[in-house]
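Asks: This is the content of query23.cif (mmCIF, N, CA and C atoms):
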data_protein
loop_
_atom_site.label_atom_id
_atom_site.label_comp_id
_atom_site.auth_asym_id
_atom_site.auth_seq_id
_atom_site.Cartn_x
_atom_site.Cartn_y
_atom_site.Cartn_z
N SER A 221 0.85 -21.71 -56.44
CA SER A 221 0.79 -22.63 -55.31
C SER A 221 1.55 -23.91 -55.60
N GLU A 222 1.57 -24.30 -56.85
CA GLU A 222 2.31 -25.52 -57.22
C GLU A 222 3.81 -25.35 -57.00
N LYS A 223 4.33 -24.17 -57.35
CA LYS A 223 5.76 -23.87 -57.13
C LYS A 223 6.09 -23.90 -55.64
N PHE A 224 5.25 -23.26 -54.83
CA PHE A 224 5.43 -23.26 -53.38
C PHE A 224 5.42 -24.69 -52.85
N CYS A 225 4.48 -25.46 -53.29
CA CYS A 225 4.34 -26.84 -52.81
C CYS A 225 5.58 -27.67 -53.17
N ASN A 226 6.10 -27.48 -54.36
CA ASN A 226 7.33 -28.18 -54.76
C ASN A 226 8.50 -27.77 -53.87
N GLU A 227 8.60 -26.46 -53.59
CA GLU A 227 9.68 -25.97 -52.73
C GLU A 227 9.57 -26.50 -51.31
N MET A 228 8.34 -26.78 -50.86
CA MET A 228 8.11 -27.29 -49.51
C MET A 228 8.16 -28.83 -49.48
N SER A 229 8.51 -29.44 -50.61
CA SER A 229 8.53 -30.91 -50.75
C SER A 229 7.17 -31.51 -50.42
N GLY A 230 6.13 -30.85 -50.90
CA GLY A 230 4.77 -31.31 -50.65
C GLY A 230 4.10 -31.83 -51.89
N GLU A 231 2.85 -32.23 -51.72
CA GLU A 231 2.04 -32.72 -52.83
C GLU A 231 0.90 -31.73 -53.06
N SER A 232 0.77 -31.29 -54.31
CA SER A 232 -0.24 -30.31 -54.68
C SER A 232 -1.54 -30.98 -55.07
N GLU A 233 -2.66 -30.44 -54.50
CA GLU A 233 -4.00 -30.92 -54.84
C GLU A 233 -4.16 -32.44 -54.68
N LYS A 234 -3.57 -32.99 -53.62
CA LYS A 234 -3.68 -34.43 -53.37
C LYS A 234 -5.09 -34.75 -52.89
N GLN A 235 -5.65 -35.78 -53.44
CA GLN A 235 -6.99 -36.20 -53.08
C GLN A 235 -6.97 -36.87 -51.71
N ILE A 236 -7.86 -36.42 -50.82
CA ILE A 236 -8.02 -37.07 -49.52
C ILE A 236 -9.50 -37.42 -49.35
N LYS A 237 -9.75 -38.47 -48.62
CA LYS A 237 -11.14 -38.87 -48.35
C LYS A 237 -11.42 -38.65 -46.87
N VAL A 238 -12.55 -38.02 -46.61
CA VAL A 238 -12.99 -37.79 -45.23
C VAL A 238 -14.45 -38.21 -45.11
N LEU A 239 -14.88 -38.48 -43.89
CA LEU A 239 -16.26 -38.88 -43.66
C LEU A 239 -17.08 -37.70 -43.18
N SER A 240 -18.28 -37.58 -43.71
CA SER A 240 -19.18 -36.53 -43.24
C SER A 240 -19.87 -37.01 -41.97
N ARG A 241 -20.69 -36.17 -41.38
CA ARG A 241 -21.40 -36.54 -40.14
C ARG A 241 -22.30 -37.75 -40.33
N ASN A 242 -22.86 -37.89 -41.53
CA ASN A 242 -23.75 -39.04 -41.76
C ASN A 242 -22.99 -40.26 -42.30
N GLY A 243 -21.66 -40.21 -42.25
CA GLY A 243 -20.86 -41.36 -42.62
C GLY A 243 -20.53 -41.48 -44.10
N GLU A 244 -20.97 -40.51 -44.91
CA GLU A 244 -20.66 -40.54 -46.34
C GLU A 244 -19.24 -40.07 -46.58
N GLU A 245 -18.60 -40.67 -47.57
CA GLU A 245 -17.23 -40.29 -47.91
C GLU A 245 -17.23 -39.06 -48.80
N ILE A 246 -16.40 -38.10 -48.43
CA ILE A 246 -16.27 -36.87 -49.21
C ILE A 246 -14.82 -36.79 -49.69
N ILE A 247 -14.63 -36.35 -50.92
CA ILE A 247 -13.28 -36.19 -51.46
C ILE A 247 -12.94 -34.71 -51.47
N SER A 248 -11.79 -34.38 -50.90
CA SER A 248 -11.31 -33.01 -50.85
C SER A 248 -9.92 -32.93 -51.45
N PHE A 249 -9.50 -31.72 -51.80
CA PHE A 249 -8.20 -31.50 -52.42
C PHE A 249 -7.49 -30.33 -51.76
N PRO A 250 -6.72 -30.57 -50.67
CA PRO A 250 -5.94 -29.47 -50.09
C PRO A 250 -4.96 -28.92 -51.12
N ASP A 251 -4.68 -27.62 -51.05
CA ASP A 251 -3.77 -27.01 -52.02
C ASP A 251 -2.36 -27.58 -51.94
N CYS A 252 -1.90 -27.88 -50.71
CA CYS A 252 -0.55 -28.44 -50.57
C CYS A 252 -0.45 -29.23 -49.27
N LEU A 253 -0.03 -30.47 -49.37
CA LEU A 253 0.22 -31.32 -48.21
C LEU A 253 1.71 -31.58 -48.11
N THR A 254 2.30 -31.20 -46.97
CA THR A 254 3.71 -31.52 -46.71
C THR A 254 3.74 -32.63 -45.67
N ASP A 255 4.91 -33.01 -45.25
CA ASP A 255 5.02 -34.03 -44.20
C ASP A 255 4.37 -33.57 -42.91
N THR A 256 4.35 -32.26 -42.68
CA THR A 256 3.87 -31.75 -41.40
C THR A 256 2.63 -30.88 -41.47
N HIS A 257 2.34 -30.27 -42.63
CA HIS A 257 1.27 -29.28 -42.73
C HIS A 257 0.32 -29.53 -43.90
N ALA A 258 -0.92 -29.06 -43.70
CA ALA A 258 -1.92 -28.99 -44.77
C ALA A 258 -2.13 -27.50 -45.06
N PHE A 259 -1.66 -27.04 -46.23
CA PHE A 259 -1.71 -25.62 -46.57
C PHE A 259 -2.90 -25.31 -47.46
N GLU A 260 -3.55 -24.20 -47.14
CA GLU A 260 -4.53 -23.59 -48.01
C GLU A 260 -3.86 -22.38 -48.64
N VAL A 261 -3.98 -22.23 -49.94
CA VAL A 261 -3.37 -21.12 -50.67
C VAL A 261 -4.48 -20.18 -51.12
N GLU A 262 -4.30 -18.89 -50.82
CA GLU A 262 -5.34 -17.92 -51.15
C GLU A 262 -4.71 -16.55 -51.39
N TRP A 263 -5.39 -15.72 -52.16
CA TRP A 263 -4.95 -14.35 -52.39
C TRP A 263 -5.08 -13.55 -51.10
N ALA A 264 -4.13 -12.67 -50.83
CA ALA A 264 -4.11 -11.84 -49.62
C ALA A 264 -4.92 -10.57 -49.86
N GLU A 265 -6.21 -10.77 -50.11
CA GLU A 265 -7.09 -9.63 -50.36
C GLU A 265 -8.53 -10.05 -50.12
N GLY A 266 -9.34 -9.10 -49.71
CA GLY A 266 -10.77 -9.32 -49.54
C GLY A 266 -11.12 -10.41 -48.53
N MET A 267 -12.31 -10.94 -48.68
CA MET A 267 -12.85 -11.91 -47.74
C MET A 267 -12.23 -13.30 -47.87
N LYS A 268 -11.50 -13.55 -48.93
CA LYS A 268 -10.89 -14.87 -49.14
C LYS A 268 -9.92 -15.24 -48.02
N VAL A 269 -9.31 -14.26 -47.38
CA VAL A 269 -8.37 -14.58 -46.30
C VAL A 269 -9.07 -15.27 -45.14
N TYR A 270 -10.33 -14.90 -44.90
CA TYR A 270 -11.08 -15.54 -43.81
C TYR A 270 -11.45 -16.97 -44.17
N GLU A 271 -11.77 -17.20 -45.42
CA GLU A 271 -12.06 -18.57 -45.87
C GLU A 271 -10.83 -19.46 -45.71
N ALA A 272 -9.66 -18.88 -45.93
CA ALA A 272 -8.42 -19.65 -45.81
C ALA A 272 -8.23 -20.18 -44.38
N ILE A 273 -8.64 -19.40 -43.39
CA ILE A 273 -8.51 -19.85 -42.00
C ILE A 273 -9.33 -21.12 -41.79
N GLY A 274 -10.58 -21.07 -42.18
CA GLY A 274 -11.46 -22.23 -42.01
C GLY A 274 -11.00 -23.44 -42.80
N GLN A 275 -10.60 -23.22 -44.03
CA GLN A 275 -10.17 -24.34 -44.87
C GLN A 275 -8.88 -24.97 -44.33
N SER A 276 -7.95 -24.15 -43.85
CA SER A 276 -6.71 -24.72 -43.32
C SER A 276 -7.00 -25.57 -42.08
N LEU A 277 -7.91 -25.11 -41.24
CA LEU A 277 -8.28 -25.88 -40.06
C LEU A 277 -9.01 -27.17 -40.43
N TYR A 278 -9.87 -27.10 -41.43
CA TYR A 278 -10.59 -28.29 -41.90
C TYR A 278 -9.60 -29.33 -42.44
N TYR A 279 -8.69 -28.91 -43.30
CA TYR A 279 -7.73 -29.86 -43.87
C TYR A 279 -6.78 -30.40 -42.81
N SER A 280 -6.48 -29.61 -41.80
CA SER A 280 -5.68 -30.08 -40.69
C SER A 280 -6.40 -31.21 -39.95
N ALA A 281 -7.67 -31.00 -39.66
CA ALA A 281 -8.46 -32.02 -38.97
C ALA A 281 -8.63 -33.27 -39.82
N ALA A 282 -8.79 -33.09 -41.13
CA ALA A 282 -9.01 -34.23 -42.02
C ALA A 282 -7.75 -35.06 -42.25
N THR A 283 -6.58 -34.44 -42.13
CA THR A 283 -5.33 -35.15 -42.43
C THR A 283 -4.49 -35.46 -41.19
N GLY A 284 -4.79 -34.81 -40.07
CA GLY A 284 -3.96 -34.98 -38.88
C GLY A 284 -2.68 -34.18 -38.93
N LYS A 285 -2.56 -33.30 -39.92
CA LYS A 285 -1.37 -32.44 -40.06
C LYS A 285 -1.67 -31.06 -39.47
N LYS A 286 -0.64 -30.28 -39.23
CA LYS A 286 -0.81 -28.92 -38.73
C LYS A 286 -1.41 -28.04 -39.82
N PRO A 287 -2.20 -27.01 -39.43
CA PRO A 287 -2.78 -26.11 -40.42
C PRO A 287 -1.77 -25.10 -40.95
N GLY A 288 -1.89 -24.76 -42.22
CA GLY A 288 -1.03 -23.76 -42.83
C GLY A 288 -1.78 -22.94 -43.86
N ILE A 289 -1.37 -21.69 -44.00
CA ILE A 289 -1.95 -20.80 -45.01
C ILE A 289 -0.80 -20.13 -45.75
N LEU A 290 -0.89 -20.14 -47.07
CA LEU A 290 0.01 -19.35 -47.91
C LEU A 290 -0.83 -18.26 -48.54
N LEU A 291 -0.50 -17.00 -48.22
CA LEU A 291 -1.21 -15.87 -48.79
C LEU A 291 -0.39 -15.29 -49.94
N LEU A 292 -1.02 -15.21 -51.10
CA LEU A 292 -0.36 -14.70 -52.31
C LEU A 292 -0.57 -13.19 -52.40
N ILE A 293 0.52 -12.46 -52.51
CA ILE A 293 0.47 -11.00 -52.56
C ILE A 293 0.61 -10.54 -54.01
N ARG A 294 -0.41 -9.82 -54.47
CA ARG A 294 -0.33 -9.24 -55.82
C ARG A 294 -0.70 -7.76 -55.82
N LYS A 295 -1.18 -7.25 -54.70
CA LYS A 295 -1.56 -5.85 -54.59
C LYS A 295 -0.80 -5.20 -53.44
N GLU A 296 -0.64 -3.89 -53.51
CA GLU A 296 0.14 -3.17 -52.50
C GLU A 296 -0.55 -3.11 -51.13
N ASN A 297 -1.86 -3.17 -51.08
CA ASN A 297 -2.56 -3.02 -49.81
C ASN A 297 -2.91 -4.37 -49.16
N SER A 298 -2.13 -5.39 -49.40
CA SER A 298 -2.39 -6.71 -48.85
C SER A 298 -2.09 -6.81 -47.35
N GLU A 299 -1.26 -5.91 -46.83
CA GLU A 299 -0.82 -5.99 -45.44
C GLU A 299 -1.98 -6.03 -44.47
N LYS A 300 -3.03 -5.22 -44.72
CA LYS A 300 -4.15 -5.16 -43.77
C LYS A 300 -4.86 -6.51 -43.69
N HIS A 301 -4.94 -7.23 -44.79
CA HIS A 301 -5.60 -8.54 -44.78
C HIS A 301 -4.72 -9.58 -44.10
N ILE A 302 -3.42 -9.49 -44.34
CA ILE A 302 -2.47 -10.41 -43.70
C ILE A 302 -2.50 -10.20 -42.19
N GLU A 303 -2.52 -8.95 -41.76
CA GLU A 303 -2.55 -8.63 -40.32
C GLU A 303 -3.81 -9.17 -39.66
N LYS A 304 -4.94 -9.14 -40.36
CA LYS A 304 -6.19 -9.66 -39.81
C LYS A 304 -6.09 -11.17 -39.58
N VAL A 305 -5.51 -11.88 -40.53
CA VAL A 305 -5.35 -13.33 -40.38
C VAL A 305 -4.42 -13.62 -39.20
N GLN A 306 -3.34 -12.88 -39.10
CA GLN A 306 -2.40 -13.07 -37.99
C GLN A 306 -3.08 -12.79 -36.64
N LYS A 307 -3.92 -11.76 -36.59
CA LYS A 307 -4.60 -11.40 -35.35
C LYS A 307 -5.55 -12.52 -34.91
N VAL A 308 -6.33 -13.05 -35.84
CA VAL A 308 -7.26 -14.14 -35.52
C VAL A 308 -6.49 -15.38 -35.07
N ASN A 309 -5.42 -15.69 -35.79
CA ASN A 309 -4.58 -16.85 -35.46
C ASN A 309 -4.02 -16.73 -34.04
N LYS A 310 -3.50 -15.56 -33.71
CA LYS A 310 -2.90 -15.35 -32.39
C LYS A 310 -3.95 -15.30 -31.30
N PHE A 311 -5.03 -14.56 -31.50
CA PHE A 311 -6.06 -14.39 -30.48
C PHE A 311 -6.68 -15.72 -30.08
N HIS A 312 -6.95 -16.57 -31.07
CA HIS A 312 -7.59 -17.86 -30.80
C HIS A 312 -6.58 -19.00 -30.64
N ASP A 313 -5.30 -18.67 -30.67
CA ASP A 313 -4.23 -19.66 -30.51
C ASP A 313 -4.45 -20.87 -31.43
N LEU A 314 -4.66 -20.58 -32.72
CA LEU A 314 -4.99 -21.62 -33.70
C LEU A 314 -3.78 -22.42 -34.16
N GLY A 315 -2.60 -21.87 -34.02
CA GLY A 315 -1.39 -22.59 -34.42
C GLY A 315 -1.23 -22.74 -35.92
N ILE A 316 -1.82 -21.83 -36.69
CA ILE A 316 -1.72 -21.89 -38.15
C ILE A 316 -0.38 -21.30 -38.58
N LYS A 317 0.35 -22.04 -39.39
CA LYS A 317 1.59 -21.52 -39.97
C LYS A 317 1.18 -20.60 -41.13
N ILE A 318 1.51 -19.33 -41.01
CA ILE A 318 1.12 -18.35 -42.03
C ILE A 318 2.36 -17.93 -42.80
N MET A 319 2.28 -18.06 -44.12
CA MET A 319 3.38 -17.69 -45.00
C MET A 319 2.83 -16.80 -46.10
N THR A 320 3.70 -15.99 -46.69
CA THR A 320 3.29 -15.17 -47.83
C THR A 320 4.22 -15.44 -49.01
N LEU A 321 3.68 -15.23 -50.18
CA LEU A 321 4.46 -15.31 -51.41
C LEU A 321 4.12 -14.09 -52.25
N ASN A 322 5.11 -13.25 -52.46
CA ASN A 322 4.94 -12.09 -53.32
C ASN A 322 5.10 -12.58 -54.75
N ILE A 323 4.03 -12.51 -55.54
CA ILE A 323 4.09 -13.10 -56.89
C ILE A 323 4.95 -12.28 -57.84
N THR A 324 5.25 -11.03 -57.49
CA THR A 324 6.12 -10.21 -58.34
C THR A 324 7.59 -10.56 -58.11
N THR A 325 7.98 -10.64 -56.84
CA THR A 325 9.39 -10.91 -56.51
C THR A 325 9.67 -12.39 -56.27
N GLU A 326 8.61 -13.19 -56.13
CA GLU A 326 8.68 -14.61 -55.82
C GLU A 326 9.34 -14.88 -54.46
N GLU A 327 9.28 -13.87 -53.57
CA GLU A 327 9.84 -14.00 -52.23
C GLU A 327 8.82 -14.67 -51.30
N ILE A 328 9.26 -15.72 -50.61
CA ILE A 328 8.42 -16.41 -49.64
C ILE A 328 8.86 -15.99 -48.25
N SER A 329 7.88 -15.64 -47.41
CA SER A 329 8.18 -15.25 -46.03
C SER A 329 7.31 -16.06 -45.08
N GLU A 330 7.90 -16.48 -43.97
CA GLU A 330 7.15 -17.16 -42.92
C GLU A 330 6.82 -16.12 -41.85
N LEU A 331 5.53 -15.99 -41.53
CA LEU A 331 5.10 -14.96 -40.58
C LEU A 331 4.88 -15.52 -39.19
N SER A 332 4.26 -16.70 -39.09
CA SER A 332 3.94 -17.24 -37.76
C SER A 332 3.55 -18.70 -37.84
N GLU A 333 3.57 -19.31 -36.65
CA GLU A 333 3.04 -20.66 -36.50
C GLU A 333 2.49 -20.77 -35.11
#
As structure tokens - that is how I would like this structure written.
Replies:
Amino acid sequence: SEKFCNEMSGESEKQIKVLSRNGEEIISFPDCLTDTHAFEVEWAEGMKVYEAIGQSLYYSAATGKKPGILLLIRKENSEKHIEKVQKVNKFHDLGIKIMTLNITTEEISELSE
């Protein structure tokens, strides 16, 4: 994720402060903040892809930036998980920029926004 963030001219694990409902300050660390997006980086497998949706939306709301997800591909059957994230993004018109990074080939692909 650090390599991706550098390539996107972003800041990795930048500390941000947000207020909770009761007014307490909470410190969070988005995986990558660019000029335009708050990216959550997660493996493209299992239930973690669903957590990435929520976290990207949370960091978007906390920073005022657009939501983004980078899904890391390390297994051959990652497509079904990537397709599920794309389906949720499109159906609910979430506007999440979804990208993938194949860790074997180091190829980055942009899927949607």
Asks: What's the separation between atom N of Thr283 (chain A) and atom C of Lys223 (chain A), in Å to one decimal place?
Replies: 21.3 Å
Asks: Applied to the shown file, which residues does the PyMOL selection byres (((chain A and resi 297-303 and name CA) around 10) and name CA) return, written as an MDAnalysis selection string?
Replies: chainID A and resid 263:270 291:296 304:309 318:320 331
Asks: What is the CA of Ala281 (chain A) to atom C of Ala258 (chain A) distance in Å?
Replies: 9.9 Å
Asks: Quick one: pick out all helix (DSSP H, G or I) residues within chain A from a backbone DSSP run and write them as a VMD selection string.
Replies: chain A and resid 222 to 227 268 to 283 296 to 311
Asks: Can you pull out every residue from chain A that DSSP, working from the backbone, puts in strand (DSSP E or B), and format the result as a ChimeraX atom specification?
Replies: /A:231-232,236-239,245-248,252-253,257-263,286-293,317-322,328-332
Asks: Go ahead and compute the interatomic distance for CA of Tyr278 (chain A) and CA of Gly230 (chain A), in Å to one decimal.
Replies: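 About the pair CA of Tyr278 (chain A) and CA of Gly230 (chain A): they are 17.9 Å apart.
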Asks: Identify, on the basis of only C-alpha atoms, every residue whose closest approach to region 314-317 of chain A does not exceed 10 Å; exclude the query and any residue fewer than 6 positions from it along the same chain; express the result as a ChimeraX atom specification.
Replies: /A:257-259,273,276-277,280,286-290,305-306,308,330-333
Asks: Evaluated on this file, the PyMOL selection byres ((chain A and resi 250-254) around 7) picks out some residues - which ones are they, written as a list of chain:residue names?
Replies: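 Evaluating the PyMOL selection byres ((chain A and resi 250-254) around 7) on this file yields A:Ser221, A:Cys225, A:Met228, A:Ser229, A:Gly230, A:Glu231, A:Ser232, A:Glu233, A:Lys234, A:Gln235, A:Ile236, A:Ser248, A:Phe249, A:Asp255, A:Thr256, A:His257, A:Ala258, A:Phe259, A:Glu260, A:Val261, A:Tyr279.
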Asks: To test the calculation: enclose all listed atoms of region 259-268 of chain A in a box whose edges run along x, y and z, add 8 Å on each side, then state centre and edge lengths in Å to one decimal, as lines of an AutoDock Vina configuration file.
Replies:
center_x = -7.3
center_y = -18.1
center_z = -49.3
size_x = 27.2
size_y = 33.9
size_z = 22.2
